[in-house]
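Student: Data file target.cif (mmCIF, C-alpha atoms and all ligand atoms) is appended below.
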data_run
#
loop_
_atom_site.label_atom_id
_atom_site.label_comp_id
_atom_site.auth_asym_id
_atom_site.auth_seq_id
_atom_site.Cartn_x
_atom_site.Cartn_y
_atom_site.Cartn_z
CA MET V 1 120.10 72.57 86.84
CA ILE V 2 118.01 73.42 89.89
CA GLU V 3 114.78 71.42 90.05
CA CYS V 4 111.33 72.72 90.86
CA ARG V 5 110.07 71.28 94.18
CA VAL V 6 106.60 70.80 92.67
CA CYS V 7 107.21 69.22 89.25
CA ALA V 8 111.01 68.69 88.95
CA GLY V 9 111.08 71.12 86.00
CA SER V 10 113.96 73.52 85.51
CA LEU V 11 114.18 76.76 87.54
CA SER V 12 115.13 80.00 85.85
CA GLU V 13 116.72 82.24 88.51
CA PHE V 14 115.80 85.94 88.37
CA ILE V 15 117.05 87.54 91.59
CA ASP V 16 119.93 86.87 93.99
CA PHE V 17 120.18 88.58 97.40
CA GLY V 18 123.50 86.93 98.16
CA ARG V 19 124.36 85.39 101.51
CA GLN V 20 121.56 85.91 104.01
CA PRO V 21 121.04 84.76 107.60
CA LEU V 22 117.98 82.95 108.95
CA SER V 23 115.33 85.64 109.29
CA ASP V 24 114.14 84.59 112.75
CA ALA V 25 117.54 83.72 114.23
CA PHE V 26 117.70 86.57 116.77
CA ARG V 27 121.05 86.31 118.57
CA LYS V 28 122.05 86.76 122.16
CA PRO V 29 124.54 89.67 122.28
CA ASP V 30 127.22 87.44 123.87
CA ASP V 31 126.81 84.62 121.33
CA SER V 32 130.12 84.21 119.49
CA THR V 33 129.22 81.07 117.50
CA PRO V 34 129.26 81.60 113.73
CA GLU V 35 125.94 82.63 112.19
CA PHE V 36 124.31 80.37 109.60
CA PHE V 37 124.09 81.88 106.13
CA PHE V 38 122.63 80.59 102.88
CA ARG V 39 122.21 81.95 99.35
CA LEU V 40 118.86 83.69 99.04
CA ALA V 41 117.85 83.60 95.39
CA VAL V 42 114.55 83.09 93.58
CA GLY V 43 113.60 81.43 90.30
CA ILE V 44 110.53 80.53 88.28
CA CYS V 45 109.83 76.99 87.08
CA GLU V 46 109.90 76.88 83.31
CA SER V 47 107.29 74.10 83.36
CA CYS V 48 104.69 74.74 86.08
CA THR V 49 105.46 78.48 86.70
CA MET V 50 105.89 78.05 90.46
CA VAL V 51 108.16 80.79 91.83
CA GLN V 52 110.42 79.49 94.60
CA LEU V 53 113.75 79.78 96.39
CA VAL V 54 116.65 78.03 94.72
CA GLU V 55 118.23 76.95 98.01
CA GLU V 56 116.42 75.24 100.86
CA VAL V 57 117.22 75.67 104.56
CA PRO V 58 116.78 72.50 106.71
CA ARG V 59 113.44 72.86 108.51
CA ASP V 60 114.75 72.16 112.03
CA ARG V 61 117.02 75.20 111.77
CA MET V 62 113.96 77.42 111.33
CA PHE V 63 111.12 75.81 113.28
CA HIS V 64 112.08 74.71 116.78
CA GLN V 65 111.45 75.28 120.48
CA GLU V 66 112.63 78.90 120.30
CA TYR V 67 110.81 79.99 117.12
CA PRO V 68 110.17 83.63 118.02
CA TYR V 69 107.21 84.59 115.81
CA HIS V 70 104.06 84.88 117.90
CA SER V 71 101.00 85.38 115.73
CA SER V 72 98.91 87.03 118.45
CA GLY V 73 101.20 90.10 118.54
CA SER V 74 98.83 91.86 116.14
CA ALA V 75 95.28 92.88 117.10
CA VAL V 76 94.35 93.12 113.41
CA MET V 77 95.51 89.54 112.78
CA SER V 78 93.65 88.32 115.89
CA LYS V 79 90.47 89.78 114.40
CA HIS V 80 91.23 88.31 111.00
CA PHE V 81 91.64 84.80 112.44
CA ALA V 82 88.54 85.05 114.67
CA LYS V 83 86.60 85.95 111.50
CA THR V 84 88.23 83.02 109.65
CA ALA V 85 87.20 80.61 112.43
CA HIS V 86 83.60 81.87 112.30
CA TYR V 87 83.59 81.45 108.53
CA PHE V 88 84.54 77.78 108.91
CA LEU V 89 82.09 77.25 111.78
CA GLU V 90 79.27 78.62 109.64
CA THR V 91 80.14 76.90 106.35
CA GLU V 92 82.23 73.71 106.44
CA LEU V 93 81.85 72.68 110.07
CA THR V 94 78.07 72.33 110.35
CA GLY V 95 77.70 68.53 110.13
CA ALA V 96 77.68 66.01 112.97
CA ASP V 97 80.90 66.13 115.02
CA PRO V 98 82.96 68.15 112.52
CA PHE V 99 86.77 68.13 112.71
CA ILE V 100 89.26 70.82 111.64
CA VAL V 101 93.05 70.48 111.51
CA GLU V 102 95.31 73.53 111.35
CA ILE V 103 98.82 73.22 109.93
CA GLY V 104 101.11 75.75 111.68
CA CYS V 105 98.63 76.89 114.35
CA ASN V 106 101.39 78.85 116.13
CA ASP V 107 100.09 80.29 119.44
CA GLY V 108 96.50 79.23 118.73
CA ILE V 109 95.39 82.56 117.26
CA MET V 110 92.75 80.90 115.01
CA LEU V 111 91.96 77.64 116.83
CA LYS V 112 91.09 79.29 120.13
CA THR V 113 87.83 80.51 118.57
CA ILE V 114 87.13 76.98 117.32
CA ARG V 115 87.84 75.66 120.81
CA GLU V 116 85.46 78.21 122.34
CA ALA V 117 82.75 76.94 119.96
CA GLY V 118 83.35 73.40 121.27
CA VAL V 119 84.29 72.01 117.84
CA ARG V 120 86.75 69.13 117.51
CA HIS V 121 90.12 70.44 116.32
CA LEU V 122 93.84 69.74 116.23
CA GLY V 123 96.75 72.08 115.61
CA VAL V 124 99.92 70.62 114.11
CA GLU V 125 102.83 72.83 115.10
CA PRO V 126 106.53 71.82 115.19
CA SER V 127 107.73 74.88 117.14
CA GLY V 128 107.46 73.80 120.78
CA GLY V 129 107.38 77.23 122.41
CA VAL V 130 104.45 78.57 120.41
CA ALA V 131 102.65 75.19 120.61
CA GLU V 132 102.81 75.52 124.42
CA LEU V 133 101.22 78.98 124.19
CA ALA V 134 98.37 77.50 122.12
CA ARG V 135 97.86 74.76 124.73
CA SER V 136 97.65 77.41 127.43
CA GLU V 137 94.60 78.72 125.49
CA GLY V 138 92.99 75.28 125.71
CA VAL V 139 93.81 74.40 122.11
CA ARG V 140 94.73 70.77 121.26
CA VAL V 141 98.14 70.67 119.59
CA ARG V 142 100.38 67.94 118.23
CA THR V 143 104.00 69.16 118.35
CA ASP V 144 105.06 67.88 114.97
CA PHE V 145 105.66 68.77 111.35
CA PHE V 146 102.63 68.14 109.15
CA GLU V 147 103.64 65.75 106.36
CA GLU V 148 102.46 62.43 104.98
CA SER V 149 103.49 60.32 107.99
CA SER V 150 102.06 62.58 110.72
CA ALA V 151 98.86 63.15 108.72
CA SER V 152 98.33 59.38 108.35
CA LYS V 153 98.73 58.93 112.10
CA ILE V 154 96.18 61.69 112.78
CA ARG V 155 93.75 60.08 110.36
CA ALA V 156 94.14 56.69 112.05
CA ALA V 157 93.62 58.15 115.53
CA GLU V 158 90.95 60.77 114.89
CA GLY V 159 89.24 60.05 111.57
CA PRO V 160 88.90 62.30 108.54
CA ALA V 161 89.05 66.10 108.70
CA ASP V 162 86.35 68.29 107.14
CA VAL V 163 88.75 71.21 106.90
CA ILE V 164 92.53 71.34 106.76
CA TYR V 165 93.60 74.95 107.11
CA ALA V 166 96.95 76.76 107.07
CA ALA V 167 97.84 80.46 107.17
CA ASN V 168 101.29 81.69 106.27
CA THR V 169 102.61 78.15 106.49
CA ILE V 170 102.19 76.21 103.22
CA CYS V 171 104.49 78.69 101.44
CA HIS V 172 107.10 77.74 104.08
CA ILE V 173 107.16 74.06 103.07
CA PRO V 174 109.41 72.87 100.20
CA TYR V 175 108.44 69.18 100.68
CA ILE V 176 105.07 70.01 99.15
CA GLU V 177 104.33 66.58 97.69
CA SER V 178 104.37 65.11 101.19
CA ILE V 179 101.91 67.82 102.28
CA PHE V 180 99.47 66.89 99.53
CA ARG V 181 99.87 63.18 100.29
CA GLY V 182 99.13 64.02 103.91
CA VAL V 183 96.05 66.02 102.91
CA ASP V 184 94.96 63.11 100.75
CA ALA V 185 95.28 60.74 103.72
CA LEU V 186 93.49 63.01 106.20
CA LEU V 187 90.83 64.98 104.32
CA SER V 188 87.25 63.67 104.15
CA ALA V 189 85.78 62.94 100.70
CA ALA V 190 83.92 66.25 100.59
CA GLY V 191 86.38 68.26 102.70
CA VAL V 192 88.45 71.30 101.81
CA PHE V 193 92.12 72.18 102.13
CA VAL V 194 92.31 75.96 102.58
CA PHE V 195 95.50 77.98 102.79
CA GLU V 196 96.44 81.65 102.60
CA ASP V 197 99.84 83.08 101.85
CA PRO V 198 101.47 86.24 100.45
CA TYR V 199 100.37 86.70 96.84
CA LEU V 200 103.04 86.95 94.17
CA GLY V 201 100.83 89.44 92.29
CA ASP V 202 101.01 91.83 95.26
CA ILE V 203 104.72 91.23 95.84
CA VAL V 204 105.52 92.15 92.23
CA GLU V 205 103.12 95.08 92.11
CA ARG V 206 104.49 96.58 95.34
CA THR V 207 108.13 95.58 94.86
CA ALA V 208 107.75 93.90 98.27
CA PHE V 209 111.08 92.09 98.04
CA ASP V 210 111.20 91.72 101.82
CA GLN V 211 108.61 88.95 101.49
CA ILE V 212 111.57 86.93 100.22
CA TYR V 213 113.46 85.21 103.04
CA ASP V 214 114.42 81.71 104.20
CA GLU V 215 110.98 80.74 105.52
CA HIS V 216 109.05 81.91 102.44
CA PHE V 217 109.99 79.14 100.04
CA PHE V 218 107.09 79.39 97.55
CA PHE V 219 105.46 82.51 96.08
CA PHE V 220 102.02 81.43 94.91
CA THR V 221 99.73 82.50 92.08
CA VAL V 222 96.36 81.11 91.03
CA ARG V 223 98.05 79.56 88.04
CA SER V 224 100.85 77.83 89.95
CA VAL V 225 98.61 76.67 92.80
CA GLY V 226 96.03 75.38 90.32
CA ALA V 227 98.68 73.37 88.50
CA MET V 228 100.10 72.06 91.78
CA ALA V 229 96.68 70.96 93.04
CA GLN V 230 95.97 69.17 89.80
CA ARG V 231 99.31 67.40 89.85
CA PHE V 232 98.48 65.88 93.23
CA GLY V 233 94.89 64.84 92.43
CA PHE V 234 93.10 67.93 93.72
CA GLU V 235 91.47 70.98 92.20
CA LEU V 236 91.60 74.69 93.02
CA VAL V 237 87.94 75.62 93.49
CA ASP V 238 88.02 79.11 94.99
CA VAL V 239 90.29 82.07 95.63
CA GLU V 240 89.85 85.18 97.73
CA ARG V 241 92.16 88.17 97.94
CA LEU V 242 93.00 89.26 101.48
CA ALA V 243 94.42 92.61 102.55
CA VAL V 244 96.41 91.21 105.49
CA HIS V 245 100.23 90.99 105.58
CA GLY V 246 100.64 93.24 102.56
CA GLY V 247 98.34 91.25 100.25
CA GLU V 248 97.52 87.56 100.31
CA VAL V 249 95.29 85.05 98.56
CA ARG V 250 93.24 82.37 100.29
CA TYR V 251 93.11 79.23 98.13
CA THR V 252 90.40 76.59 98.58
CA ILE V 253 91.32 73.17 97.27
CA ALA V 254 89.05 70.12 97.05
CA ARG V 255 89.36 66.60 95.70
CA ALA V 256 89.25 66.73 91.90
CA GLY V 257 85.68 66.87 90.62
CA SER V 258 84.08 67.24 94.06
CA ARG V 259 83.17 70.95 93.80
CA THR V 260 82.50 73.45 91.02
CA PRO V 261 85.29 76.04 90.66
CA SER V 262 84.15 79.61 91.36
CA ALA V 263 84.02 82.47 88.88
CA ALA V 264 86.53 84.33 91.09
CA THR V 265 89.13 81.65 90.35
CA ALA V 266 88.83 82.09 86.58
CA GLU V 267 88.81 85.89 86.95
CA LEU V 268 91.99 86.11 88.97
CA LEU V 269 93.68 83.62 86.66
CA ALA V 270 92.79 85.82 83.67
CA GLU V 271 94.09 88.89 85.51
CA GLU V 272 97.41 87.13 86.14
CA GLN V 273 97.68 86.22 82.47
CA ALA V 274 97.06 89.84 81.44
CA ARG V 275 99.72 91.03 83.91
CA GLY V 276 102.32 88.56 82.64
CA LEU V 277 102.67 87.01 86.07
CA ALA V 278 104.27 83.85 84.68
CA GLU V 279 106.69 85.61 82.34
CA ARG V 280 110.39 85.99 82.82
CA THR V 281 110.43 89.65 81.71
CA THR V 282 108.02 90.56 84.53
CA PHE V 283 110.55 89.23 87.02
CA ASP V 284 113.46 90.99 85.34
CA HIS V 285 111.57 94.28 85.81
CA PHE V 286 110.87 93.29 89.42
CA ALA V 287 114.60 92.69 90.01
CA ASP V 288 115.42 96.15 88.58
CA ALA V 289 112.80 97.78 90.80
CA VAL V 290 114.23 96.00 93.87
CA GLY V 291 117.69 97.39 93.12
CA GLN V 292 116.20 100.89 92.88
CA VAL V 293 114.46 100.60 96.27
CA ARG V 294 117.70 99.45 97.84
CA ASP V 295 119.66 102.38 96.37
CA ASP V 296 116.98 104.91 97.41
CA LEU V 297 116.66 103.55 100.94
CA ILE V 298 120.35 103.44 101.68
CA ALA V 299 120.86 106.93 100.20
CA LEU V 300 118.06 108.31 102.39
CA LEU V 301 119.35 106.69 105.59
CA ARG V 302 122.88 107.97 104.92
CA ARG V 303 121.63 111.48 104.23
CA LEU V 304 119.58 111.54 107.43
CA ARG V 305 122.55 110.28 109.44
CA ASP V 306 124.85 112.87 107.90
CA GLU V 307 122.30 115.59 108.70
CA GLY V 308 122.33 114.49 112.35
CA SER V 309 118.77 113.09 112.38
CA ARG V 310 117.95 110.15 114.61
CA VAL V 311 116.30 107.16 112.90
CA VAL V 312 115.12 104.03 114.71
CA ALA V 313 113.35 101.02 113.24
CA TYR V 314 109.92 99.69 114.21
CA GLY V 315 109.11 95.95 114.13
CA ALA V 316 111.84 93.29 114.16
CA THR V 317 110.06 91.35 111.43
CA ALA V 318 111.43 88.31 109.62
CA LYS V 319 110.99 90.37 106.44
CA SER V 320 113.38 93.03 107.74
CA ALA V 321 116.25 90.54 107.71
CA THR V 322 116.29 90.73 103.91
CA VAL V 323 115.98 94.53 103.90
CA ALA V 324 118.67 95.15 106.50
CA ASN V 325 121.17 92.63 105.15
CA TYR V 326 120.62 93.29 101.45
CA CYS V 327 120.69 97.09 101.90
CA GLY V 328 123.50 97.04 104.48
CA ILE V 329 121.55 98.68 107.31
CA GLY V 330 123.57 98.28 110.52
CA PRO V 331 123.65 100.03 113.91
CA ASP V 332 125.63 102.91 112.32
CA LEU V 333 122.46 103.93 110.45
CA VAL V 334 119.76 102.62 112.79
CA PRO V 335 120.82 102.26 116.46
CA PHE V 336 118.00 99.88 117.41
CA VAL V 337 114.69 98.33 116.41
CA CYS V 338 111.75 98.18 118.79
CA ASP V 339 109.34 95.26 118.95
CA THR V 340 106.60 94.06 121.28
CA THR V 341 107.71 90.38 121.19
CA LEU V 342 109.32 89.55 124.55
CA VAL V 343 111.55 86.76 123.19
CA LYS V 344 113.06 89.08 120.56
CA GLN V 345 113.89 91.85 123.05
CA GLY V 346 117.48 92.00 124.31
CA ARG V 347 118.63 90.10 121.20
CA LEU V 348 120.31 91.24 118.00
CA THR V 349 118.68 91.00 114.59
CA PRO V 350 120.20 88.27 112.40
CA GLY V 351 123.15 89.34 110.25
CA SER V 352 122.61 93.09 110.68
CA HIS V 353 122.95 92.96 114.50
CA LEU V 354 120.54 95.76 115.35
CA PRO V 355 119.66 95.57 119.06
CA VAL V 356 115.96 94.75 119.64
CA ARG V 357 114.38 96.88 122.37
CA PRO V 358 110.91 97.01 123.91
CA VAL V 359 108.50 99.49 122.37
CA THR V 360 108.86 101.72 125.47
CA ALA V 361 112.31 102.64 124.09
CA PHE V 362 110.62 104.21 121.06
CA ALA V 363 109.25 107.14 123.08
CA ASP V 364 112.38 107.60 125.18
CA PRO V 365 112.78 110.09 123.50
CA TYR V 366 110.96 109.79 120.15
CA PRO V 367 113.34 109.68 117.17
CA ASP V 368 113.09 112.10 114.25
CA TYR V 369 112.23 109.25 111.88
CA ALA V 370 110.96 105.69 112.29
CA LEU V 371 111.81 103.12 109.65
CA LEU V 372 108.70 100.94 109.52
CA PHE V 373 109.97 97.40 109.05
CA ALA V 374 106.47 96.11 109.97
CA TRP V 375 104.87 98.01 107.06
CA ASN V 376 102.24 95.29 106.72
CA HIS V 377 100.89 96.40 110.12
CA ALA V 378 101.13 100.12 109.22
CA GLU V 379 97.56 101.07 110.07
CA GLU V 380 97.63 99.34 113.45
CA ILE V 381 101.05 100.67 114.42
CA MET V 382 100.55 104.23 113.18
CA ALA V 383 97.25 104.48 115.07
CA LYS V 384 98.97 103.22 118.22
CA GLU V 385 101.87 105.64 117.79
CA GLN V 386 99.89 108.80 116.99
CA GLN V 387 101.84 110.66 119.69
CA PHE V 388 105.04 110.14 117.69
CA ARG V 389 103.40 111.99 114.76
CA ASP V 390 102.05 114.64 117.08
CA ALA V 391 105.59 115.16 118.41
CA GLY V 392 106.76 115.85 114.83
CA GLY V 393 108.06 112.34 114.01
CA ARG V 394 107.87 111.00 110.47
CA TRP V 395 107.62 107.44 109.17
CA ILE V 396 109.93 106.01 106.49
CA LEU V 397 108.35 103.42 104.20
CA TYR V 398 109.99 101.47 101.37
CA VAL V 399 107.00 99.58 99.95
CA PRO V 400 106.04 100.21 97.19
CA GLU V 401 108.77 102.86 97.03
CA VAL V 402 110.93 104.80 99.46
CA LYS V 403 108.99 107.67 100.98
CA ILE V 404 108.66 109.74 104.13
CA ILE V 405 105.15 110.32 105.46
N1 LIG Y 1 99.40 80.44 111.14
C1 LIG Y 1 100.09 81.45 111.89
C2 LIG Y 1 99.84 82.81 111.31
O1 LIG Y 1 99.38 82.93 110.18
O2 LIG Y 1 100.16 83.80 111.99
C3 LIG Y 1 101.60 81.16 111.99
C4 LIG Y 1 102.40 81.45 110.78
S1 LIG Y 1 104.15 81.23 111.06
C5 LIG Y 1 104.79 82.39 109.92
C6 LIG Y 1 104.50 79.66 110.31
C7 LIG Y 1 104.24 78.51 111.26
O3 LIG Y 1 104.32 77.28 110.54
C8 LIG Y 1 105.28 78.42 112.36
O4 LIG Y 1 104.62 78.45 113.62
C9 LIG Y 1 106.01 77.10 112.08
O5 LIG Y 1 106.47 76.47 113.25
C10 LIG Y 1 104.94 76.31 111.35
N2 LIG Y 1 105.40 75.22 110.45
C11 LIG Y 1 106.48 75.17 109.65
N3 LIG Y 1 106.53 73.99 108.99
C12 LIG Y 1 105.43 73.28 109.37
C13 LIG Y 1 104.92 71.99 109.05
N4 LIG Y 1 105.51 71.17 108.18
N5 LIG Y 1 103.78 71.59 109.66
C14 LIG Y 1 103.14 72.39 110.54
N6 LIG Y 1 103.56 73.63 110.87
C15 LIG Y 1 104.70 74.07 110.30
P1 LIG Y 2 105.09 90.12 110.87
O1 LIG Y 2 105.15 91.26 109.90
O2 LIG Y 2 105.85 88.91 110.40
O3 LIG Y 2 103.70 89.83 111.32
O4 LIG Y 2 105.91 90.61 112.15
C1 LIG Y 2 105.50 91.74 112.88
C2 LIG Y 2 106.54 92.07 113.95
O5 LIG Y 2 106.27 93.39 114.43
C3 LIG Y 2 106.50 91.15 115.15
O6 LIG Y 2 107.82 90.91 115.60
C4 LIG Y 2 105.70 91.93 116.17
C5 LIG Y 2 106.02 93.37 115.82
N1 LIG Y 2 104.91 94.29 116.11
C6 LIG Y 2 105.13 95.32 117.01
O7 LIG Y 2 106.22 95.46 117.56
N2 LIG Y 2 104.09 96.17 117.29
C7 LIG Y 2 102.85 96.02 116.71
O8 LIG Y 2 101.94 96.79 116.99
C8 LIG Y 2 102.66 94.95 115.75
C9 LIG Y 2 101.35 94.77 115.06
C10 LIG Y 2 103.73 94.12 115.49
ZN ZN Y 3 107.53 73.22 88.37
#
Mind converting the file's structure to structure tokens?
Tutor:
Amino acid sequence: MIECRVCAGSLSEFIDFGRQPLSDAFRKPDDSTPEFFFRLAVGICESCTMVQLVEEVPRDRMFHQEYPYHSSGSAVMSKHFAKTAHYFLETELTGADPFIVEIGCNDGIMLKTIREAGVRHLGVEPSGGVAELARSEGVRVRTDFFEESSASKIRAAEGPADVIYAANTICHIPYIESIFRGVDALLSAAGVFVFEDPYLGDIVERTAFDQIYDEHFFFFTVRSVGAMAQRFGFELVDVERLAVHGGEVRYTIARAGSRTPSAATAELLAEEQARGLAERTTFDHFADAVGQVRDDLIALLRRLRDEGSRVVAYGATAKSATVANYCGIGPDLVPFVCDTTLVKQGRLTPGSHLPVRPVTAFADPYPDYALLFAWNHAEEIMAKEQQFRDAGGRWILYVPEVKII
């Protein structure tokens, strides 16, 4: 039996992508050391309904000095996090000498606005390279994993936090009990723990199976997060749907009984119930839909190759590791993927070994088709690449289904 990382209940597995590499392990072309693979499969807890990976990758293999994901690569996300910072500055951080801690601050994309406002803050970020980038923006960062022990040290040195915030990070952390113990140690009596992550409701609705990879350990719903908060002495008091990254929910958690839960929380919970978002059959349908997308995508790419069309990929996302490796997309179908991230360029994508090139390679010359791996940034990228469309290029999307636009 595989145990749930929240409640130790039994996991019921519903999809298996087989052996997959680490999604952010971009390789040097001359690296001949064996690649690390693990079994990527997902199950739902029969007790608390938390959806999660069945196998865990050791955290130091994923989050280290060379972690290549730089949050500030997207202008839309920069705007989103500036807005988030202002929201906190105007609501929770209005008392005397307020203090905000961000778990997984990456390159400082959110905290730099807090720093500009002169508000006391601390980022906790284990990946040394991105932590350095945040420091270069004047952001205070502790290079460390957030967990019970580090949180207790922060509390002892700096006092209680009014806000503990995390974006696209809590779903990465299997040792969730230690996170809540850490929040308990560090959060002020009236403070809030706020986190936002990809929403299982959107993943299922859009068949967005590429949200499933090593780093995304948990797939949250209002129901599962509510139960998790309660288990650890907290309460889910608000939820907000966000359009970023293909559909997310921002959860606001407070100490049990300290705040009145919002109507939005009850509404989204009821919607989940009506959609069967905790039922096994829903996930069986999801698994069937995933298989269909894979078959359609591979058939399309083979047809285009056989017709002599040139297809390149856009955005060497972590998500694309699952797509490329599960669908079998190698350099025979897609000769390269372009990406703006300097540290990914010149490397090969994990497992599938597609060369990563700078975005200048995209227009040199434009391909017939571009496979949009970074579909969650579609608006931003398509606006930027209007000339590709004007030159007759077409985009290939596979969420929610395979289509050419
Ligand atoms: N918050 C940024 C955003 O939304 O763009 C970064 C998200 S990135 C996908 C996840 C970040 O969480 C990485 O920078 C990683 O190093 C960090 N991380 C992973 N485990 C962590 C932990 N236990 N404590 C703090 N940060 C962690
Ligand atoms: P993400 O989907 O995990 O945010 O990753 C997006 C990837 O796409 C990241 O490697 C940066 C890349 N990217 C571009 O190459 N051009 C762009 O305009 C944007 C927004 C992202
Ligand atoms: Zn459970």
Student: 8 Å from ligand LIG 1 (chain Y) is the threshold here; counting only C-alpha atoms and all ligand atoms, which polymer residues fall inside it? Answer as a PyMOL selection string.
Tutor: chain V and resi 59+62-64+67+69-72+77+102-107+109-110+124-127+130-131+144-147+166-170+172-173+179+215
Student: Please, what distance in Å, to one decimal, runs between CA of Ala189 (chain V) and atom ZN of ligand ZN 3 (chain Y)?
Tutor: 27.0 Å
Student: Write out as a PyMOL selection string the residues lying within 12 Å of Leu242 (chain V), counting only C-alpha atoms and excluding same-chain residues fewer than 6 positions away.
Tutor: chain V and resi 77+80-81+84+167+195-199+202+248-251
Student: In Å, rounded to a single decimal, give me how far CA of Thr221 (chain V) is from CA of Arg241 (chain V).
Tutor: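 If I compute the distance from CA of Arg241 (chain V) to CA of Thr221 (chain V), I get 11.1 Å.
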Student: If the limit is 10 Å from any atom of ligand ZN 3 (chain Y), counting all atoms listed in the file, which residues qualify? Return them as a count of residues only.
Tutor: 21
Student: Any residue with an atom at most 10 Å from ligand LIG 2 (chain Y) counts, using all atoms listed in the file. Which are they? Put them as number ranges by chain.
Tutor: V: 24, 68-77, 168, 211, 244-246, 314-320, 337-345, 356-359, 372-385
Student: Find the distance between CA of Leu348 (chain V) and CA of Gln387 (chain V) and write it in Å to one decimal.
Tutor: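 We find that CA of Leu348 (chain V) and CA of Gln387 (chain V) lie 26.9 Å from each other.
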